[in-house]
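File shown: upload-v2.tsv. Contents: TSV, C-alpha atoms and all ligand atoms.
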chain	number	residue	atom	x	y	z
A	290	MET	CA	-43.43	5.11	6.20
A	291	THR	CA	-42.03	1.72	5.26
A	292	ALA	CA	-40.61	-0.82	7.68
A	293	HIS	CA	-37.09	0.24	6.75
A	294	ALA	CA	-37.45	3.97	7.46
A	295	PRO	CA	-36.81	4.13	11.21
A	296	ARG	CA	-36.99	7.36	13.17
A	297	ARG	CA	-33.74	6.82	15.07
A	298	SER	CA	-30.41	5.20	14.30
A	299	LEU	CA	-30.21	1.41	14.14
A	300	ARG	CA	-27.51	0.30	16.56
A	301	SER	CA	-27.82	-3.45	17.03
A	302	PRO	CA	-28.72	-6.66	15.18
A	303	ALA	CA	-32.11	-6.53	16.94
A	304	ASP	CA	-32.69	-3.05	15.51
A	305	LEU	CA	-31.77	-4.31	12.04
A	306	VAL	CA	-34.22	-7.20	12.29
A	307	ALA	CA	-36.97	-4.89	13.58
A	308	ALA	CA	-36.37	-2.54	10.67
A	309	GLY	CA	-36.59	-5.38	8.15
A	310	LEU	CA	-32.95	-5.00	7.14
A	311	ALA	CA	-31.88	-8.39	8.51
A	312	THR	CA	-33.66	-11.71	8.89
A	313	PRO	CA	-34.21	-13.23	12.35
A	314	GLN	CA	-32.12	-16.22	11.14
A	315	ALA	CA	-29.12	-13.90	10.66
A	316	ARG	CA	-29.22	-12.77	14.30
A	317	ASP	CA	-26.53	-15.15	15.64
A	318	THR	CA	-24.05	-14.19	12.94
A	319	LEU	CA	-24.76	-10.50	13.33
A	320	ASP	CA	-24.42	-10.74	17.11
A	321	ALA	CA	-20.96	-12.24	16.54
A	322	VAL	CA	-20.04	-9.33	14.26
A	323	ALA	CA	-21.48	-6.82	16.73
A	324	ALA	CA	-19.27	-8.27	19.47
A	325	HIS	CA	-16.24	-7.06	17.45
A	326	TYR	CA	-17.35	-4.04	15.49
A	327	ALA	CA	-19.77	-1.21	16.20
A	328	ILE	CA	-23.01	-0.87	14.23
A	329	ALA	CA	-24.93	2.30	13.47
A	330	ILE	CA	-27.13	3.29	10.56
A	331	THR	CA	-28.89	6.64	10.62
A	332	PRO	CA	-32.54	6.90	9.50
A	333	GLU	CA	-31.44	8.78	6.37
A	334	MET	CA	-29.14	5.96	5.30
A	335	ALA	CA	-31.49	3.14	6.43
A	336	GLU	CA	-34.18	4.60	4.24
A	337	LEU	CA	-31.90	4.33	1.20
A	338	ILE	CA	-31.25	0.62	1.67
A	339	ALA	CA	-33.18	-1.72	-0.56
A	340	PRO	CA	-34.20	-4.53	1.83
A	341	GLY	CA	-33.19	-8.02	0.79
A	342	ASP	CA	-30.55	-6.85	-1.68
A	343	PRO	CA	-27.11	-7.46	-0.15
A	344	GLY	CA	-25.53	-5.95	-3.28
A	345	ASP	CA	-27.13	-2.57	-2.64
A	346	PRO	CA	-24.22	-0.10	-2.38
A	347	ILE	CA	-25.66	1.60	0.71
A	348	ALA	CA	-26.32	-1.75	2.40
A	349	ARG	CA	-22.77	-2.88	1.63
A	350	GLN	CA	-21.33	0.15	3.35
A	351	PHE	CA	-23.34	0.01	6.56
A	352	LEU	CA	-25.06	-3.37	7.04
A	353	PRO	CA	-22.87	-5.87	8.93
A	354	THR	CA	-22.24	-9.29	7.32
A	355	ASP	CA	-20.63	-12.59	8.24
A	356	ALA	CA	-17.71	-11.77	5.91
A	357	GLU	CA	-16.41	-9.44	8.63
A	358	LEU	CA	-15.70	-12.42	10.87
A	359	VAL	CA	-12.88	-13.55	8.56
A	360	THR	CA	-9.55	-11.78	9.01
A	361	THR	CA	-6.92	-12.50	6.35
A	362	PRO	CA	-3.19	-12.79	7.24
A	363	ASP	CA	-2.29	-9.46	5.61
A	364	GLU	CA	-4.90	-7.47	7.56
A	365	ARG	CA	-3.93	-5.47	10.65
A	366	ALA	CA	-5.73	-3.75	13.51
A	367	ASP	CA	-3.91	-0.48	12.78
A	368	PRO	CA	-3.50	-0.69	8.99
A	369	ILE	CA	-2.12	2.79	8.47
A	370	GLY	CA	0.14	2.81	11.52
A	371	ASP	CA	-1.41	5.70	13.47
A	372	ALA	CA	-0.26	4.31	16.81
A	373	ARG	CA	3.46	4.78	16.22
A	374	HIS	CA	2.89	8.44	15.41
A	375	SER	CA	0.75	9.25	18.41
A	376	PRO	CA	2.83	11.32	20.85
A	377	ILE	CA	-0.11	12.00	23.15
A	378	LYS	CA	-3.64	10.64	23.56
A	379	GLY	CA	-6.02	11.65	20.78
A	380	LEU	CA	-3.36	13.13	18.52
A	381	VAL	CA	-1.49	11.70	15.52
A	382	HIS	CA	1.54	13.64	14.31
A	383	ARG	CA	2.89	12.00	11.17
A	384	TYR	CA	3.70	15.03	9.03
A	385	PRO	CA	5.67	18.04	10.32
A	386	ASP	CA	3.10	20.71	9.44
A	387	ARG	CA	-0.17	19.06	10.47
A	388	VAL	CA	-1.72	16.89	13.15
A	389	LEU	CA	-4.82	14.75	13.41
A	390	LEU	CA	-6.84	15.49	16.53
A	391	LYS	CA	-9.39	12.83	17.47
A	392	PRO	CA	-11.76	14.25	20.10
A	393	THR	CA	-14.19	11.31	19.82
A	394	HIS	CA	-14.27	7.71	18.64
A	395	ALA	CA	-17.97	7.81	17.85
A	396	CYS	CA	-19.42	8.00	14.34
A	397	PRO	CA	-22.96	8.60	13.07
A	398	VAL	CA	-22.67	5.42	10.98
A	399	TYR	CA	-20.11	2.63	11.25
A	400	CYS	CA	-18.73	1.78	7.85
A	401	ARG	CA	-18.04	-1.92	7.41
A	402	PHE	CA	-14.74	-1.16	5.59
A	403	CYS	CA	-13.47	1.42	8.11
A	404	PHE	CA	-9.66	1.54	8.41
A	405	ARG	CA	-10.01	2.55	12.07
A	406	ARG	CA	-12.66	-0.05	12.86
A	407	GLU	CA	-10.67	-1.46	15.78
A	408	MET	CA	-10.62	2.00	17.36
A	409	VAL	CA	-14.00	3.53	16.57
A	410	GLY	CA	-17.26	2.84	18.37
A	411	PRO	CA	-19.63	4.28	20.93
A	412	GLY	CA	-17.65	2.60	23.74
A	413	GLY	CA	-14.36	4.18	22.66
A	414	GLU	CA	-13.61	6.94	25.10
A	415	ALA	CA	-13.74	10.54	23.95
A	416	LEU	CA	-11.05	12.94	25.13
A	417	ASP	CA	-11.98	14.53	28.43
A	418	ALA	CA	-11.34	18.22	29.03
A	419	ALA	CA	-7.85	17.68	30.46
A	420	GLU	CA	-6.79	15.36	27.64
A	421	LEU	CA	-8.08	17.78	25.03
A	422	ALA	CA	-6.22	20.63	26.71
A	423	ALA	CA	-3.03	18.53	26.71
A	424	ALA	CA	-3.40	17.76	23.01
A	425	LEU	CA	-3.93	21.44	22.23
A	426	ASP	CA	-0.91	22.35	24.40
A	427	TYR	CA	1.14	19.96	22.25
A	428	VAL	CA	0.08	21.95	19.18
A	429	ARG	CA	0.62	25.30	20.92
A	430	ALA	CA	4.18	24.36	21.82
A	431	ARG	CA	5.15	23.46	18.23
A	432	PRO	CA	5.16	26.37	15.78
A	433	ALA	CA	5.84	23.98	12.89
A	434	ILE	CA	2.23	22.75	13.15
A	435	ARG	CA	0.18	24.88	10.77
A	436	GLU	CA	-2.95	22.76	10.46
A	437	VAL	CA	-5.20	20.84	12.87
A	438	ILE	CA	-7.33	18.11	11.33
A	439	LEU	CA	-10.31	17.05	13.43
A	440	SER	CA	-11.03	13.41	12.80
A	441	GLY	CA	-11.98	10.43	14.92
A	442	GLY	CA	-14.47	8.98	14.84
A	443	ASP	CA	-16.45	11.76	13.29
A	444	PRO	CA	-15.99	15.13	14.99
A	445	LEU	CA	-19.42	16.40	13.90
A	446	VAL	CA	-21.18	13.91	16.17
A	447	LEU	CA	-20.10	16.19	19.02
A	448	SER	CA	-22.52	18.87	20.11
A	449	ALA	CA	-22.24	22.31	18.55
A	450	ARG	CA	-21.15	23.54	21.97
A	451	ARG	CA	-18.20	21.13	22.16
A	452	ILE	CA	-17.17	21.70	18.54
A	453	GLY	CA	-17.37	25.42	19.19
A	454	GLU	CA	-15.07	25.11	22.22
A	455	ILE	CA	-12.48	23.13	20.24
A	456	VAL	CA	-12.59	25.48	17.25
A	457	ALA	CA	-12.34	28.50	19.58
A	458	ALA	CA	-9.33	26.98	21.38
A	459	ILE	CA	-7.55	26.35	18.07
A	460	ASP	CA	-8.40	29.90	17.06
A	461	THR	CA	-6.13	31.16	19.85
A	462	ILE	CA	-3.07	29.27	18.56
A	463	GLU	CA	-1.26	31.88	16.49
A	464	HIS	CA	0.81	29.59	14.24
A	465	VAL	CA	-2.15	27.43	13.15
A	466	ASP	CA	-3.59	28.70	9.86
A	467	VAL	CA	-5.91	25.88	8.88
A	468	VAL	CA	-8.56	23.79	10.64
A	469	ARG	CA	-9.97	20.81	8.80
A	470	LEU	CA	-12.82	18.50	9.77
A	471	HIS	CA	-13.29	15.08	8.19
A	472	SER	CA	-16.92	14.01	8.41
A	473	ARG	CA	-19.78	12.00	7.01
A	474	VAL	CA	-22.38	13.90	9.03
A	475	PRO	CA	-23.62	16.40	6.40
A	476	LEU	CA	-25.02	13.52	4.31
A	477	VAL	CA	-25.70	10.72	6.80
A	478	ASP	CA	-27.15	12.88	9.60
A	479	PRO	CA	-27.91	16.23	7.95
A	480	GLY	CA	-30.06	17.46	10.83
A	481	ARG	CA	-26.89	18.01	12.86
A	482	ILE	CA	-25.80	20.80	10.50
A	483	ASP	CA	-28.09	23.38	12.05
A	484	ASP	CA	-27.53	27.06	12.75
A	485	ALA	CA	-25.73	26.30	16.01
A	486	MET	CA	-23.29	23.94	14.30
A	487	VAL	CA	-22.59	26.39	11.49
A	488	ALA	CA	-21.99	29.12	14.09
A	489	ALA	CA	-19.66	26.79	16.03
A	490	LEU	CA	-17.47	26.45	12.93
A	491	ASN	CA	-16.97	30.18	12.63
A	492	THR	CA	-13.30	31.04	13.17
A	493	ARG	CA	-10.59	33.41	11.94
A	494	LYS	CA	-8.68	30.39	10.66
A	495	ALA	CA	-9.21	28.89	7.23
A	496	LEU	CA	-11.65	26.11	8.09
A	497	PHE	CA	-12.38	23.33	5.60
A	498	VAL	CA	-14.83	20.43	5.81
A	499	VAL	CA	-13.84	17.24	4.01
A	500	LEU	CA	-16.94	15.18	3.27
A	501	HIS	CA	-16.68	11.40	3.12
A	502	ALA	CA	-19.12	9.78	0.66
A	503	ASN	CA	-18.80	6.79	-1.63
A	504	HIS	CA	-21.96	6.66	-3.71
A	505	ALA	CA	-24.16	9.27	-5.43
A	506	ARG	CA	-27.25	7.88	-3.68
A	507	GLU	CA	-25.92	9.21	-0.36
A	508	PHE	CA	-26.73	12.70	-1.65
A	509	THR	CA	-30.34	13.03	-0.46
A	510	PRO	CA	-32.14	16.39	-0.68
A	511	ALA	CA	-31.61	16.95	3.06
A	512	GLY	CA	-27.94	16.05	2.75
A	513	ARG	CA	-27.42	18.41	-0.15
A	514	ALA	CA	-29.14	21.16	1.83
A	515	ALA	CA	-26.77	20.55	4.76
A	516	CYS	CA	-23.77	20.89	2.43
A	517	ALA	CA	-25.26	24.07	0.98
A	518	ARG	CA	-25.58	25.48	4.51
A	519	LEU	CA	-21.88	24.90	5.17
A	520	VAL	CA	-20.68	26.19	1.82
A	521	GLY	CA	-23.10	29.09	2.07
A	522	ALA	CA	-21.51	30.03	5.39
A	523	GLY	CA	-18.19	30.42	3.60
A	524	ILE	CA	-16.77	26.99	4.47
A	525	PRO	CA	-14.95	25.41	1.53
A	526	MET	CA	-15.67	21.71	1.16
A	527	LEU	CA	-13.55	18.91	-0.24
A	528	SER	CA	-14.33	15.24	-0.73
A	529	GLN	CA	-12.84	11.94	0.25
A	530	SER	CA	-14.06	8.57	-0.96
A	531	VAL	CA	-12.87	5.02	-0.65
A	532	LEU	CA	-12.72	2.86	-3.76
A	533	LEU	CA	-14.78	-0.16	-2.70
A	534	ARG	CA	-15.58	-3.43	-4.40
A	535	GLY	CA	-19.33	-3.67	-4.96
A	536	VAL	CA	-19.97	-0.06	-3.94
A	537	ASN	CA	-18.29	2.18	-6.50
A	538	ASP	CA	-15.83	0.02	-8.46
A	539	ASP	CA	-17.09	0.92	-11.90
A	540	VAL	CA	-16.49	4.07	-13.86
A	541	ALA	CA	-20.14	5.16	-14.26
A	542	THR	CA	-20.71	4.93	-10.48
A	543	LEU	CA	-17.54	6.88	-9.74
A	544	GLU	CA	-18.50	9.47	-12.31
A	545	ALA	CA	-21.95	9.94	-10.72
A	546	LEU	CA	-20.35	10.25	-7.27
A	547	LEU	CA	-17.81	12.84	-8.36
A	548	ARG	CA	-20.46	14.82	-10.23
A	549	SER	CA	-22.60	14.81	-7.07
A	550	PHE	CA	-19.78	16.34	-5.05
A	551	LEU	CA	-19.09	18.96	-7.67
A	552	ALA	CA	-22.78	19.91	-7.99
A	553	CYS	CA	-22.74	20.59	-4.23
A	554	ARG	CA	-19.70	22.87	-4.64
A	555	ILE	CA	-17.48	20.20	-3.09
A	556	LYS	CA	-14.08	19.82	-4.75
A	557	PRO	CA	-13.03	16.16	-5.08
A	558	TYR	CA	-9.85	15.68	-3.07
A	559	TYR	CA	-8.96	12.06	-2.33
A	560	LEU	CA	-9.98	8.68	-3.65
A	561	HIS	CA	-8.49	6.19	-1.20
A	562	HIS	CA	-7.41	2.72	-2.11
A	563	PRO	CA	-8.95	0.45	0.57
A	564	ASP	CA	-6.74	-0.24	3.58
A	565	LEU	CA	-5.92	-3.62	5.11
A	566	ALA	CA	-8.45	-3.36	7.93
A	567	PRO	CA	-9.60	-6.63	9.54
A	568	GLY	CA	-12.57	-8.38	7.97
A	569	THR	CA	-12.68	-6.13	4.90
A	570	ALA	CA	-11.29	-8.43	2.17
A	571	GLY	CA	-14.62	-8.34	0.33
A	572	PHE	CA	-14.18	-4.61	-0.29
A	573	ARG	CA	-10.67	-4.69	-1.69
A	574	LEU	CA	-9.59	-4.56	-5.30
A	575	GLY	CA	-6.17	-4.42	-6.92
A	576	ILE	CA	-4.20	-1.22	-7.47
A	577	GLU	CA	-4.08	-1.95	-11.21
A	578	GLU	CA	-7.87	-2.12	-11.29
A	579	GLY	CA	-8.08	1.15	-9.39
A	580	GLN	CA	-5.64	2.78	-11.78
A	581	ARG	CA	-7.69	1.58	-14.73
A	582	LEU	CA	-10.81	3.20	-13.28
A	583	VAL	CA	-9.08	6.45	-12.42
A	584	ARG	CA	-7.56	6.63	-15.89
A	585	GLN	CA	-11.03	6.39	-17.43
A	586	LEU	CA	-12.29	9.24	-15.22
A	587	ARG	CA	-9.79	11.56	-16.83
A	588	GLY	CA	-11.53	11.31	-20.17
A	589	ARG	CA	-15.08	11.51	-18.84
A	590	LEU	CA	-15.03	14.27	-16.26
A	591	SER	CA	-14.08	17.89	-15.79
A	592	GLY	CA	-10.65	18.48	-14.29
A	593	LEU	CA	-12.51	20.01	-11.35
A	594	ALA	CA	-13.99	16.61	-10.56
A	595	GLN	CA	-10.72	14.63	-10.53
A	596	PRO	CA	-9.69	13.24	-7.14
A	597	LEU	CA	-6.15	12.17	-6.32
A	598	TYR	CA	-5.97	8.37	-6.04
A	599	VAL	CA	-3.95	7.57	-2.91
A	600	LEU	CA	-2.80	4.61	-0.89
A	601	ASP	CA	-1.92	4.78	2.79
A	602	ILE	CA	1.26	2.74	3.00
A	603	PRO	CA	0.97	0.25	5.89
A	604	GLY	CA	3.25	0.87	8.84
A	605	GLY	CA	2.74	4.62	9.21
A	606	HIS	CA	4.54	5.79	6.08
A	607	GLY	CA	1.66	7.99	4.99
A	608	LYS	CA	-0.45	8.53	1.90
A	609	VAL	CA	1.11	8.33	-1.53
A	610	PRO	CA	-0.47	8.99	-4.92
A	611	VAL	CA	-0.65	5.69	-6.80
A	612	GLY	CA	-1.24	6.83	-10.31
A	613	PRO	CA	-2.11	6.05	-12.96
A	614	GLY	CA	0.92	7.34	-14.85
A	615	TYR	CA	0.12	8.99	-18.16
A	616	LEU	CA	3.59	9.39	-19.62
A	617	ARG	CA	5.12	6.34	-21.27
A	618	ASP	CA	8.47	6.25	-23.10
A	619	GLY	CA	8.37	9.92	-23.96
A	620	GLY	CA	4.84	9.74	-25.35
A	621	VAL	CA	1.49	10.56	-23.83
A	622	GLU	CA	-0.92	7.69	-23.48
A	623	ASP	CA	-4.54	8.27	-24.43
A	624	PRO	CA	-5.90	8.89	-20.95
A	625	GLY	CA	-8.98	6.74	-21.05
A	626	GLY	CA	-10.47	7.99	-24.25
A	627	THR	CA	-9.80	11.72	-23.96
A	628	LEU	CA	-8.65	11.70	-27.54
A	629	HIS	CA	-11.81	10.07	-28.86
A	630	GLU	CA	-14.07	11.71	-31.38
A	631	ILE	CA	-16.74	13.91	-29.92
A	632	ASP	CA	-20.25	13.65	-31.37
A	633	ARG	CA	-21.52	17.05	-32.30
B	1	LIG	C1	-4.35	11.59	6.11
B	1	LIG	C2	-3.60	12.17	7.22
B	1	LIG	C3	-3.32	13.54	7.28
B	1	LIG	C4	-3.77	14.50	6.22
B	1	LIG	O1	-3.09	14.28	5.04
B	1	LIG	P1	-3.33	15.24	3.78
B	1	LIG	O2	-2.58	14.58	2.71
B	1	LIG	O3	-2.82	16.58	4.17
B	1	LIG	O4	-4.81	15.27	3.55
B	1	LIG	C5	-2.60	14.02	8.34
B	1	LIG	N1	-2.17	13.20	9.32
B	1	LIG	C6	-2.42	11.88	9.30
B	1	LIG	C7	-1.90	11.04	10.40
B	1	LIG	C8	-3.15	11.32	8.25
B	1	LIG	O5	-3.41	10.01	8.25
B	2	LIG	S1	-17.34	7.47	9.49
B	2	LIG	FE1	-15.12	7.28	9.06
B	2	LIG	S2	-14.17	6.75	11.04
B	2	LIG	FE2	-16.40	6.37	11.21
B	2	LIG	S3	-16.71	4.20	10.67
B	2	LIG	FE3	-16.96	5.39	8.75
B	2	LIG	S4	-14.90	5.41	7.82
B	2	LIG	FE4	-14.65	4.83	9.98
Can you give me the file's structure in the form of structure tokens?
Amino acid sequence: MTAHAPRRSLRSPADLVAAGLATPQARDTLDAVAAHYAIAITPEMAELIAPGDPGDPIARQFLPTDAELVTTPDERADPIGDARHSPIKGLVHRYPDRVLLKPTHACPVYCRFCFRREMVGPGGEALDAAELAAALDYVRARPAIREVILSGGDPLVLSARRIGEIVAAIDTIEHVDVVRLHSRVPLVDPGRIDDAMVAALNTRKALFVVLHANHAREFTPAGRAACARLVGAGIPMLSQSVLLRGVNDDVATLEALLRSFLACRIKPYYLHHPDLAPGTAGFRLGIEEGQRLVRQLRGRLSGLAQPLYVLDIPGGHGKVPVGPGYLRDGGVEDPGGTLHEIDR
């Protein structure tokens, strides 16, 4: 085993130095970052990081840097405006037919670009039993709510027993048809997707898992096996990714990522434009650049592999598709080379 393949998650600058993923000279800076934002890198992800290469796409996602200490004037603590749509602790109700339920603020990894980075972390309190019951009562009392989306944090860091209790409670709410979990766990901590977890997700409702991944290298053999266990248990999976400068902002990298999802029977769902979270300027690119990339995907990839490119409008207005548009002045534009000659 190499110095950078630890057996447990790295959770502090000292851990990063010990694992050879940060130099002792970087400690002061990293301690300053750690004072603001949580750090965690699972063994599976640490093992993928090429030490000494700050441009490595896995390192960029999970290794803290001094760039995070700079907040630009347009960045906000709550970039997508969850707070103004939270009627009760742990619940965000922005759309009539669905709610986000956040039973925990913990994640298996802490992404340096996270749009909820001011809220997530191991110190952030999870919902206790009474708070969870109150949130579920809110759903129970509103027949217009047809879908409960478990988010956080990452709901799959909870034990199978706790997940099972939440899923079973939602199962008793007659007007809810759909349960959705947004998670990185299947790839970043695949060992959690064991028989007990799969059993905990068994429900009469239509339950979906939306997998967050941003680079094809995140798909390790163990991670792919964890996805196969979920899909094999009859759980449909969808994807969400964030378009990130230096991680996946070129068409070949995006293509490889989307093909990885599809090969795991995971239908690409959303490609998010990066949000205005504090200290994340180094990850952002322009909408026009994003549109250019997405347009090229159209010509290169199966329709099955096409995600919807969306932007969460700051201030709580929700997600909107941001193109690209293909129709111009009554004509159809060549969508990124679809109309090119094919070599036979
Ligand atoms: C993203 C989000 C949802 C889910 O939106 P979909 O477009 O259905 O995936 C629901 N509620 C909130 C508050 C959200 O941010
Ligand atoms: S797993 Fe999701 S919620 Fe957690 S740090 Fe990453 S982006 Fe944020």
What's the 12 Å shell around segment 582-590 of chain A, counting all atoms listed in the file, without same-chain residues fewer than 3 positions away, as a VMD selection string?
chain A and resid 532 to 533 537 to 549 551 557 559 to 562 574 to 579 593 to 599 610 to 615 622 to 631
I'd like a table as a tab-separated table: residues in chain A with an atom no more than 7 Å from ligand LIG 1 (chain B), each row giving the shortest atom pair and its distance in Å to one decimal, all atoms listed in the file counted, sorted by chain and rising residue number.
residue	atom	partner	partner_atom	distance
A:Asp371	CA	B:LIG1	C7	6.2
A:Val381	CA	B:LIG1	C7	5.2
A:His382	CA	B:LIG1	C7	5.8
A:Arg383	CA	B:LIG1	C7	4.9
A:Tyr384	CA	B:LIG1	N1	6.2
A:Arg387	CA	B:LIG1	C5	6.0
A:Val388	CA	B:LIG1	N1	5.3
A:Leu389	CA	B:LIG1	N1	5.1
A:Ile438	CA	B:LIG1	C5	6.9
A:Gly607	CA	B:LIG1	O5	6.4
A:Lys608	CA	B:LIG1	O2	6.5
Could you write out that same residue set with C-alpha atoms as an mmCIF file, in the frame of the given file?
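Once everything was written out, this is part27.cif:
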data_model
loop_
_atom_site.group_PDB
_atom_site.id
_atom_site.type_symbol
_atom_site.label_atom_id
_atom_site.label_comp_id
_atom_site.auth_asym_id
_atom_site.auth_seq_id
_atom_site.Cartn_x
_atom_site.Cartn_y
_atom_site.Cartn_z
ATOM 1 C CA ASP A 371 -1.410 5.700 13.470
ATOM 2 C CA VAL A 381 -1.490 11.700 15.520
ATOM 3 C CA HIS A 382 1.540 13.640 14.310
ATOM 4 C CA ARG A 383 2.890 12.000 11.170
ATOM 5 C CA TYR A 384 3.700 15.030 9.030
ATOM 6 C CA ARG A 387 -0.170 19.060 10.470
ATOM 7 C CA VAL A 388 -1.720 16.890 13.150
ATOM 8 C CA LEU A 389 -4.820 14.750 13.410
ATOM 9 C CA ILE A 438 -7.330 18.110 11.330
ATOM 10 C CA GLY A 607 1.660 7.990 4.990
ATOM 11 C CA LYS A 608 -0.450 8.530 1.900
#
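Between ligand LIG 2 (chain B) and the residues A:Pro295, A:Pro563, A:Pro340, A:Gly523, the shortest atom-to-atom distance, using all atoms listed in the file, involves A:Pro563.
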Mind giving me the straight-line distance from atom CA of Phe404 of chain A to atom CA of Gly568 of chain A in Å, one decimal?
10.3 Å
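Closest approach to ligand LIG 2 (chain B) from the set A:His606, A:His464, A:Arg473, A:Arg349 is made by A:Arg473, with distances taken over all atoms listed in the file.
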Nearest residue to Gln350 of chain A from the set A:Val398, A:Ala321, A:Ala570, A:Leu390 (distances using all atoms listed in the file)
A:Val398
Do you know which residues are within 7 Å of ligand LIG 2 (chain B) using all atoms listed in the file? Can you write them as a PyMOL selection string?
chain A and resi 395-400+402-406+409+441-443+472-473
Find, counting only C-alpha atoms, the residue in A:Thr360, A:Ala329, A:Ile452, A:Ala424 that gets nearest to Ser375 of chain A.
A:Ala424
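In this structure, atom CA of Pro475 of chain A sits 29.0 Å away from atom CA of Ala423 of chain A.
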Using all atoms listed in the file, which of the listed residues (A:Ile377, A:Asp478, A:Ala489, A:Leu519) sits closest to Ala335 of chain A?
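Going through A:Ile377, A:Asp478, A:Ala489, A:Leu519 one by one, the smallest distance to Ala335 of chain A is for A:Asp478.
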Kindly output segment 479-484 of chain A as a tab-separated table (two decimals), in the frame of the given file, after building all heavy atoms.
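This is the output file out_36.tsv:
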chain	number	residue	atom	x	y	z
A	479	PRO	N	-27.94	14.81	8.34
A	479	PRO	CA	-27.91	16.23	7.95
A	479	PRO	C	-28.53	17.16	8.99
A	479	PRO	O	-28.18	18.34	9.03
A	479	PRO	CB	-28.70	16.26	6.63
A	479	PRO	CG	-29.42	14.95	6.54
A	479	PRO	CD	-28.65	13.97	7.35
A	480	GLY	N	-29.42	16.62	9.81
A	480	GLY	CA	-30.06	17.46	10.83
A	480	GLY	C	-29.08	18.08	11.82
A	480	GLY	O	-29.37	19.09	12.47
A	481	ARG	N	-27.89	17.47	11.93
A	481	ARG	CA	-26.89	18.01	12.86
A	481	ARG	C	-26.30	19.34	12.36
A	481	ARG	O	-25.72	20.08	13.14
A	481	ARG	CB	-25.75	17.02	13.08
A	481	ARG	CG	-26.18	15.70	13.69
A	481	ARG	CD	-24.96	14.90	14.14
A	481	ARG	NE	-24.39	15.47	15.35
A	481	ARG	CZ	-24.79	15.17	16.58
A	481	ARG	NH1	-25.73	14.28	16.77
A	481	ARG	NH2	-24.24	15.75	17.61
A	482	ILE	N	-26.39	19.57	11.05
A	482	ILE	CA	-25.80	20.80	10.50
A	482	ILE	C	-26.86	21.90	10.61
A	482	ILE	O	-27.44	22.33	9.61
A	482	ILE	CB	-25.33	20.59	9.05
A	482	ILE	CG1	-24.44	19.34	8.95
A	482	ILE	CG2	-24.55	21.82	8.55
A	482	ILE	CD1	-23.17	19.37	9.78
A	483	ASP	N	-27.11	22.32	11.84
A	483	ASP	CA	-28.09	23.38	12.05
A	483	ASP	C	-27.36	24.70	12.27
A	483	ASP	O	-26.14	24.79	12.14
A	483	ASP	CB	-29.01	23.02	13.24
A	483	ASP	CG	-28.22	22.76	14.52
A	483	ASP	OD1	-26.99	23.05	14.56
A	483	ASP	OD2	-28.81	22.27	15.49
A	484	ASP	N	-28.13	25.73	12.59
A	484	ASP	CA	-27.53	27.06	12.75
A	484	ASP	C	-26.45	27.05	13.83
A	484	ASP	O	-25.40	27.70	13.69
A	484	ASP	CB	-28.60	28.09	13.11
A	484	ASP	CG	-29.53	28.37	11.95
A	484	ASP	OD1	-29.20	27.99	10.81
A	484	ASP	OD2	-30.60	28.97	12.19
